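Contents: one structure, followed by commentary.
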Amino acid sequence: MNIRPKIVAVNGSIRDGNTAEVLHEVGLMAARRGLDFEVVDVRDLRMLGTGTCGDCNSRTSACTREDDLPAAVRRLSEAAGVIFASPVQGFGISGLMQTFIERAGVCHMRYERPLTNKVGGAIAVARRYSSTESWSHLVANLLLNRMILVGSGFPATVHGLHPGEAVKDEEGMANVERMVERMIDMIELLAAHRELTGRDPLPVSAANERAGIAFETLRGRG
Ligand SMILES: Cc1cc2nc3c(=O)[nH]c(=O)nc-3n(C[C@H](O)[C@H](O)[C@H](O)COP(=O)(O)O)c2cc1C
């Protein structure tokens, strides 16, 4: 049985608003190309935030504080493509999205990088100000997680203040569509390569990135 490839998007908005509407359109684009699509709404996750123990930088295994992050990371790990989507708040990504990125990244994904070779995409939704900076912030975190990014033209930044406005930003939505189309082109290319050769096109290291590094080095490295 052939399992349909899936794109999973993380929505960092505090509400069911513009980012959700843009992602709804992304879901339709994915469906037209025969892919499944899911959204992880960060506002629905129970996130404890990083604790006061301070041992994130010296651990060699995932944080043991129990919240919804391990399950969310598992959902992303099952995808062929991952989109980080955030509204702009206070000239940056939303506080919710920042907490998700820190908690998922520093507490769980930094050890074995489970999103390696997923095809990544970033979308920033803003009234207007700092949309490109916020998009770049998301891109840096996709790259940190060793995802594959495909150039698709101008950044996928969409402008709108009130719900209903962002999806009317024709240029922004055209950039989102081009990004999604190119992500799916790459997902298909990688799948064809795997089928032909039986292996990942780029090596996936099974090594724990933090294991085997001396504790003192880890402490100094941050
Ligand atoms: C707390 C807060 C801070 C915001 N800060 C900015 C900002 O710095 N720049 C900007 O262009 N828009 C800002 N906005 C507007 C949102 O980016 C805009 O309304 C966006 O469409 C919200 O997406 P959402 O409906 O998915 O939450 C802010 C909105 C909120 C609630």
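Scheme for the structure tokens: letters A, B, ... for chains in order shown; per-chain residue numbers from 1; ligand numbers from 1 in order shown.
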Taking only C-alpha atoms and all ligand atoms into account, report as number ranges by chain which residues have an atom no farther than 8 Å from an atom of ligand 1.
-> A: 11-21, 86-92, 94, 125-131, 159-163, 165-166
How would the residues just picked look written out with N, CA and C atoms as a compact mmCIF listing (two decimals), in the first residue's frame?
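Final file, result_9.txt:
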# COMPACT_ATOMS: atom_id res chain seq x y z
N ASN A 11 1.14 26.19 13.17
CA ASN A 11 0.52 27.52 13.19
C ASN A 11 0.77 28.15 14.56
N GLY A 12 1.56 29.23 14.58
CA GLY A 12 1.91 29.87 15.85
C GLY A 12 0.99 30.99 16.28
N SER A 13 -0.22 31.04 15.69
CA SER A 13 -1.12 32.14 16.04
C SER A 13 -1.88 31.90 17.34
N ILE A 14 -2.25 33.02 17.97
CA ILE A 14 -3.05 32.94 19.19
C ILE A 14 -4.53 32.72 18.88
N ARG A 15 -4.90 32.84 17.58
CA ARG A 15 -6.33 32.76 17.25
C ARG A 15 -6.54 31.99 15.94
N ASP A 16 -7.82 31.72 15.67
CA ASP A 16 -8.19 31.09 14.41
C ASP A 16 -8.38 32.23 13.40
N GLY A 17 -7.28 32.79 12.91
CA GLY A 17 -7.36 34.02 12.13
C GLY A 17 -6.68 33.91 10.78
N ASN A 18 -5.86 34.92 10.46
CA ASN A 18 -5.27 35.00 9.12
C ASN A 18 -4.33 33.84 8.82
N THR A 19 -3.49 33.47 9.79
CA THR A 19 -2.53 32.38 9.52
C THR A 19 -3.29 31.09 9.24
N ALA A 20 -4.35 30.85 10.00
CA ALA A 20 -5.17 29.64 9.78
C ALA A 20 -5.79 29.68 8.38
N GLU A 21 -6.22 30.86 7.97
CA GLU A 21 -6.86 30.96 6.64
C GLU A 21 -5.84 30.74 5.53
N SER A 86 3.87 31.68 11.13
CA SER A 86 3.62 32.48 12.32
C SER A 86 3.12 33.87 11.96
N PRO A 87 2.18 34.38 12.77
CA PRO A 87 1.89 35.80 12.64
C PRO A 87 3.05 36.61 13.20
N VAL A 88 3.14 37.86 12.78
CA VAL A 88 4.15 38.76 13.34
C VAL A 88 3.53 39.46 14.54
N GLN A 89 4.22 39.40 15.66
CA GLN A 89 3.77 40.09 16.87
C GLN A 89 4.97 40.81 17.48
N GLY A 90 4.82 42.09 17.76
CA GLY A 90 5.93 42.83 18.38
C GLY A 90 7.18 42.78 17.52
N PHE A 91 7.02 42.91 16.21
CA PHE A 91 8.14 42.92 15.25
C PHE A 91 8.91 41.60 15.18
N GLY A 92 8.29 40.51 15.58
CA GLY A 92 8.96 39.21 15.49
C GLY A 92 7.90 38.12 15.39
N SER A 94 5.43 35.16 16.79
CA SER A 94 4.59 35.21 18.00
C SER A 94 5.32 34.56 19.17
N VAL A 125 2.88 36.01 8.56
CA VAL A 125 1.65 36.77 8.29
C VAL A 125 1.66 38.01 9.17
N ALA A 126 1.56 39.18 8.54
CA ALA A 126 1.70 40.43 9.31
C ALA A 126 0.75 41.49 8.78
N ARG A 127 0.44 42.42 9.68
CA ARG A 127 -0.24 43.62 9.18
C ARG A 127 0.67 44.26 8.14
N ARG A 128 1.99 44.43 8.46
CA ARG A 128 2.94 44.95 7.50
C ARG A 128 4.39 44.87 8.01
N TYR A 129 4.62 45.16 9.30
CA TYR A 129 5.95 45.50 9.79
C TYR A 129 6.74 44.27 10.27
N SER A 130 7.96 44.12 9.76
CA SER A 130 8.88 43.03 10.15
C SER A 130 8.46 41.66 9.63
N SER A 131 7.71 41.64 8.53
CA SER A 131 7.31 40.32 8.01
C SER A 131 8.53 39.56 7.48
N HIS A 159 0.24 39.81 3.92
CA HIS A 159 -0.16 40.97 4.73
C HIS A 159 -1.66 41.02 4.97
N GLY A 160 -2.02 41.25 6.22
CA GLY A 160 -3.43 41.40 6.60
C GLY A 160 -3.50 41.63 8.08
N LEU A 161 -4.44 42.46 8.51
CA LEU A 161 -4.59 42.73 9.95
C LEU A 161 -5.75 41.91 10.53
N HIS A 162 -6.93 42.13 10.00
CA HIS A 162 -8.11 41.43 10.53
C HIS A 162 -8.32 40.11 9.78
N PRO A 163 -8.88 39.10 10.47
CA PRO A 163 -9.18 37.85 9.77
C PRO A 163 -9.92 38.11 8.47
N GLU A 165 -8.39 39.19 5.78
CA GLU A 165 -7.62 40.12 4.94
C GLU A 165 -6.41 39.45 4.28
N ALA A 166 -5.72 38.57 4.98
CA ALA A 166 -4.46 38.03 4.45
C ALA A 166 -4.68 37.24 3.15
Quick one: everything within 9 Å of Phe37 of chain A, counting only C-alpha atoms, minus sequence neighbours fewer than 6 positions away in the same chain. Send it as a ChimeraX atom specification.
-> /A:5-9,26-28,30-31,79
Of the candidates A:Leu138, A:Met29, A:Ile123, A:Val40, which shows the shortest atom-to-atom distance to Ile101 of chain A, using only C-alpha atoms?
->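 Once distances to Ile101 of chain A are computed over only C-alpha atoms, the minimum belongs to A:Leu138.
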Counting only C-alpha atoms, the option among A:Gly51, A:Gly121, A:Gly164, A:Gly95 closest to Asp67 of chain A =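 Ranked by minimum distance to Asp67 of chain A, first place goes to A:Gly51.
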Please identify all polymer residues within 12 Å of segment 44-50 of chain A, counting only C-alpha atoms, omitting same-chain residues fewer than 4 positions from it, and present them as a PyMOL selection string.
-> chain A and resi 10-16+39-40+54-57+63-73+95-108
Quick one: pick out all helix (DSSP H, G or I) residues within chain A from a backbone DSSP run and write them as an NGL selection string.
-> :A and (18-32 or 42-44 or 55-57 or 69-77 or 95-112 or 131-144 or 166-168 or 170-197 or 215-221)
Residues at most 9 Å from Ser61 of chain A, counting only C-alpha atoms, excluding those fewer than 5 positions away in the same chain, as an MDAnalysis selection string?
-> chainID A and resid 107:108 110:111 208 210:211
